[in-house]
Amino acid sequence: MRLNNLSPRPGAKHRKKRVGCGESSGHGKTSGRGGKGQTARSGGSIRLGFEGGQMPLLRRIPKRGFNNKSFATRFATVNVGDLNRLFEDGATVTPETLAERGLPLRKSAGVKVLGDGELSKKLTVKAQAFSATAKEKIGKAGGACEELPMPVIHHKTETK
(Lines give C-alpha, C1' and ligand atoms only; values in the text may rest on other atoms or scores of the structure.)
Protein backbone atom coordinates (compact mmCIF):
# COMPACT_ATOMS: atom_id res chain seq x y z
CA MET A 1 0.00 0.00 0.00
CA ARG A 2 1.30 3.43 -0.99
CA LEU A 3 -0.03 6.96 -0.92
CA ASN A 4 -0.65 6.93 -4.67
CA ASN A 5 -3.05 3.98 -4.51
CA LEU A 6 -5.14 5.06 -1.50
CA SER A 7 -8.81 5.58 -2.26
CA PRO A 8 -11.97 6.09 -0.20
CA ARG A 9 -13.96 3.02 0.76
CA PRO A 10 -16.80 2.11 -1.60
CA GLY A 11 -19.92 4.09 -0.68
CA ALA A 12 -18.00 6.64 1.42
CA LYS A 13 -18.32 9.41 -1.17
CA HIS A 14 -21.77 10.34 -2.47
CA ARG A 15 -22.18 12.07 -5.80
CA LYS A 16 -24.57 15.01 -5.85
CA LYS A 17 -27.96 14.06 -7.31
CA ARG A 18 -28.25 16.11 -10.51
CA VAL A 19 -31.95 16.64 -11.05
CA GLY A 20 -33.79 18.13 -14.01
CA CYS A 21 -31.17 17.07 -16.55
CA GLY A 22 -33.22 15.06 -19.02
CA GLU A 23 -35.71 12.20 -18.81
CA SER A 24 -33.16 9.42 -19.28
CA SER A 25 -31.26 10.45 -16.14
CA GLY A 26 -34.16 9.16 -14.05
CA HIS A 27 -34.44 12.52 -12.28
CA GLY A 28 -35.71 14.68 -15.14
CA LYS A 29 -38.92 16.69 -15.69
CA THR A 30 -40.35 16.81 -12.13
CA SER A 31 -36.94 16.21 -10.49
CA GLY A 32 -38.17 13.46 -8.16
CA ARG A 33 -40.93 15.64 -6.68
CA GLY A 34 -43.90 13.77 -8.12
CA GLY A 35 -46.76 15.67 -9.76
CA LYS A 36 -47.91 19.26 -9.31
CA GLY A 37 -49.39 20.75 -6.19
CA GLN A 38 -48.35 21.85 -2.72
CA THR A 39 -45.77 19.12 -2.12
CA ALA A 40 -43.99 19.89 -5.40
CA ARG A 41 -43.30 23.46 -4.26
CA SER A 42 -40.54 24.68 -1.95
CA GLY A 43 -41.78 24.97 1.63
CA GLY A 44 -44.71 22.77 0.64
CA SER A 45 -44.94 20.76 3.82
CA ILE A 46 -47.72 20.90 6.40
CA ARG A 47 -47.02 21.39 10.09
CA LEU A 48 -46.92 18.47 12.49
CA GLY A 49 -50.42 17.51 13.62
CA PHE A 50 -52.24 19.36 10.82
CA GLU A 51 -55.18 17.31 9.51
CA GLY A 52 -56.36 19.42 6.59
CA GLY A 53 -58.63 21.75 8.55
CA GLN A 54 -60.28 18.98 10.55
CA MET A 55 -59.96 19.55 14.31
CA PRO A 56 -56.60 17.92 15.14
CA LEU A 57 -56.44 14.98 17.54
CA LEU A 58 -54.39 16.99 20.02
CA ARG A 59 -57.20 19.56 20.30
CA ARG A 60 -60.03 16.99 20.28
CA ILE A 61 -58.77 15.28 23.43
CA PRO A 62 -59.42 17.12 26.73
CA LYS A 63 -56.59 18.58 28.80
CA ARG A 64 -55.80 16.61 31.94
CA GLY A 65 -53.53 16.90 34.94
CA PHE A 66 -51.26 19.52 36.38
CA ASN A 67 -47.55 20.19 36.08
CA ASN A 68 -45.85 21.61 39.16
CA LYS A 69 -42.56 22.39 37.37
CA SER A 70 -42.93 26.17 37.34
CA PHE A 71 -44.01 26.33 41.01
CA ALA A 72 -41.64 23.73 42.46
CA THR A 73 -39.07 24.74 45.08
CA ARG A 74 -35.65 24.40 43.48
CA PHE A 75 -32.60 23.44 45.51
CA ALA A 76 -28.90 23.20 44.77
CA THR A 77 -27.93 19.87 46.34
CA VAL A 78 -24.80 19.05 48.34
CA ASN A 79 -23.96 15.68 49.89
CA VAL A 80 -22.42 15.19 53.35
CA GLY A 81 -19.54 13.37 51.65
CA ASP A 82 -18.72 16.61 49.78
CA LEU A 83 -18.82 18.58 53.05
CA ASN A 84 -16.42 16.07 54.62
CA ARG A 85 -14.01 16.54 51.70
CA LEU A 86 -14.25 20.36 51.45
CA PHE A 87 -14.29 21.53 55.09
CA GLU A 88 -12.04 21.18 58.14
CA ASP A 89 -13.19 19.88 61.52
CA GLY A 90 -15.22 22.47 63.45
CA ALA A 91 -16.00 24.64 60.40
CA THR A 92 -19.28 26.46 59.78
CA VAL A 93 -20.84 25.63 56.42
CA THR A 94 -23.06 28.26 54.78
CA PRO A 95 -24.26 28.72 51.17
CA GLU A 96 -21.63 31.48 50.83
CA THR A 97 -18.74 29.24 51.96
CA LEU A 98 -19.98 26.50 49.61
CA ALA A 99 -19.88 28.96 46.69
CA GLU A 100 -16.34 30.02 47.69
CA ARG A 101 -15.24 26.36 47.56
CA GLY A 102 -16.41 26.14 43.94
CA LEU A 103 -19.80 24.45 44.22
CA PRO A 104 -22.18 25.70 41.49
CA LEU A 105 -25.01 27.43 43.35
CA ARG A 106 -27.76 29.55 41.82
CA LYS A 107 -28.78 32.68 43.72
CA SER A 108 -32.48 31.92 43.22
CA ALA A 109 -32.21 28.44 44.74
CA GLY A 110 -31.70 27.36 48.29
CA VAL A 111 -29.21 24.70 49.37
CA LYS A 112 -30.37 21.22 50.36
CA VAL A 113 -27.95 18.90 52.14
CA LEU A 114 -28.37 15.22 51.21
CA GLY A 115 -27.03 12.19 53.09
CA ASP A 116 -24.83 10.48 50.49
CA GLY A 117 -21.30 9.68 51.69
CA GLU A 118 -19.68 9.55 55.12
CA LEU A 119 -19.13 12.42 57.55
CA SER A 120 -16.35 12.18 60.14
CA LYS A 121 -15.93 15.89 60.97
CA LYS A 122 -17.89 18.03 63.42
CA LEU A 123 -19.54 20.71 61.26
CA THR A 124 -22.14 23.40 61.84
CA VAL A 125 -24.19 23.35 58.65
CA LYS A 126 -26.51 26.22 57.73
CA ALA A 127 -28.77 25.48 54.74
CA GLN A 128 -32.35 25.91 53.54
CA ALA A 129 -33.20 22.18 53.76
CA PHE A 130 -31.82 18.86 55.00
CA SER A 131 -32.73 15.28 54.20
CA ALA A 132 -33.45 12.98 57.16
CA THR A 133 -30.25 10.96 56.57
CA ALA A 134 -28.15 14.13 56.31
CA LYS A 135 -29.51 15.41 59.65
CA GLU A 136 -28.79 12.03 61.21
CA LYS A 137 -25.19 11.86 59.91
CA ILE A 138 -24.38 15.46 60.91
CA GLY A 139 -25.81 14.82 64.39
CA LYS A 140 -23.86 11.54 64.77
CA ALA A 141 -20.60 13.32 63.90
CA GLY A 142 -21.31 15.85 66.68
CA GLY A 143 -22.29 18.69 64.37
CA ALA A 144 -25.38 20.87 64.17
CA CYS A 145 -28.00 21.63 61.50
CA GLU A 146 -29.46 25.10 61.18
CA GLU A 147 -32.27 25.79 58.71
CA LEU A 148 -32.14 29.10 56.87
CA PRO A 149 -35.11 30.83 55.18
CA MET A 150 -35.39 30.54 51.38
CA PRO A 151 -33.68 33.38 49.49
CA VAL A 152 -36.09 36.09 48.36
CA ILE A 153 -36.11 36.71 44.61
CA HIS A 154 -36.69 40.35 43.74
CA HIS A 155 -38.24 40.70 40.30
CA LYS A 156 -37.70 44.01 38.60
CA THR A 157 -41.02 45.69 37.94
CA GLU A 158 -41.43 47.10 34.47
CA THR A 159 -41.78 50.87 34.38
CA LYS A 160 -43.29 52.76 31.48
# chains A, B, ... in the order shown; residues from 1 in each chain; ligands from 1
call {"tool": "residues_around", "arguments": {"residues": "stretch 120-137 of chain A", "least_positions_apart": "3", "cutoff": "6 Å", "atoms": "only C-alpha atoms", "output": "ChimeraX atom specification"}}
result
/A:89-94,110-115,140-150
call {"tool": "select_by_dssp", "arguments": {"residues": "chain A", "states": "alpha helix (DSSP H)", "output": "MDAnalysis selection string"}}
result
chainID A and resid 57:60 80:86 95:100 132:140
call {"tool": "atom_distance", "arguments": {"atom1": "atom CA of A:Gly35", "atom2": "atom CA of A:Arg47"}}
result
20.7 Å
call {"tool": "atom_distance", "arguments": {"atom1": "atom CA of A:Gly22", "atom2": "atom CA of A:Ala40"}}
result
18.0 Å
call {"tool": "residues_around", "arguments": {"residues": "A:Ala72", "least_positions_apart": "4", "cutoff": "12 Å", "atoms": "only C-alpha atoms", "output": "VMD selection string"}}
result
chain A and resid 67 to 68 109
call {"tool": "atom_distance", "arguments": {"atom1": "atom CA of A:Pro104", "atom2": "atom CA of A:Gly139"}}
result
25.6 Å
call {"tool": "residues_around", "arguments": {"residues": "A:Glu118", "least_positions_apart": "3", "cutoff": "8 Å", "atoms": "only C-alpha atoms", "output": "JSON, numbers by chain"}}
result
{"A": [80, 81, 84, 137]}
call {"tool": "write_last_selection", "arguments": {"atoms": "N, CA and C atoms", "output": "PDB file, in the first residue's frame"}}
result
ATOM      1  N   VAL A  80     -23.284  15.101  52.168  1.00  0.00           N
ATOM      2  CA  VAL A  80     -22.422  15.192  53.352  1.00  0.00           C
ATOM      3  C   VAL A  80     -21.006  14.720  53.045  1.00  0.00           C
ATOM      4  N   GLY A  81     -20.864  13.818  52.087  1.00  0.00           N
ATOM      5  CA  GLY A  81     -19.536  13.368  51.655  1.00  0.00           C
ATOM      6  C   GLY A  81     -18.718  14.512  51.072  1.00  0.00           C
ATOM      7  N   ASN A  84     -17.535  16.722  53.951  1.00  0.00           N
ATOM      8  CA  ASN A  84     -16.415  16.066  54.622  1.00  0.00           C
ATOM      9  C   ASN A  84     -15.108  16.324  53.878  1.00  0.00           C
ATOM     10  N   LYS A 137     -26.643  11.989  60.027  1.00  0.00           N
ATOM     11  CA  LYS A 137     -25.190  11.861  59.913  1.00  0.00           C
ATOM     12  C   LYS A 137     -24.461  13.055  60.511  1.00  0.00           C
TER      13      LYS A 137
END
call {"tool": "closest_residue", "arguments": {"among": "A:Pro10, A:Gly28, A:Gly53, A:Gly117", "to": "A:Leu83", "atoms": "only C-alpha atoms"}}
result
A:Gly117
call {"tool": "closest_residue", "arguments": {"among": "A:Met55, A:Ala99, A:Ile46, A:Leu119", "to": "A:Arg85", "atoms": "only C-alpha atoms"}}
result
A:Leu119
call {"tool": "closest_residue", "arguments": {"among": "A:Ala12, A:Arg41, A:Leu86, A:Arg74", "to": "A:Glu100", "atoms": "only C-alpha atoms"}}
result
A:Leu86
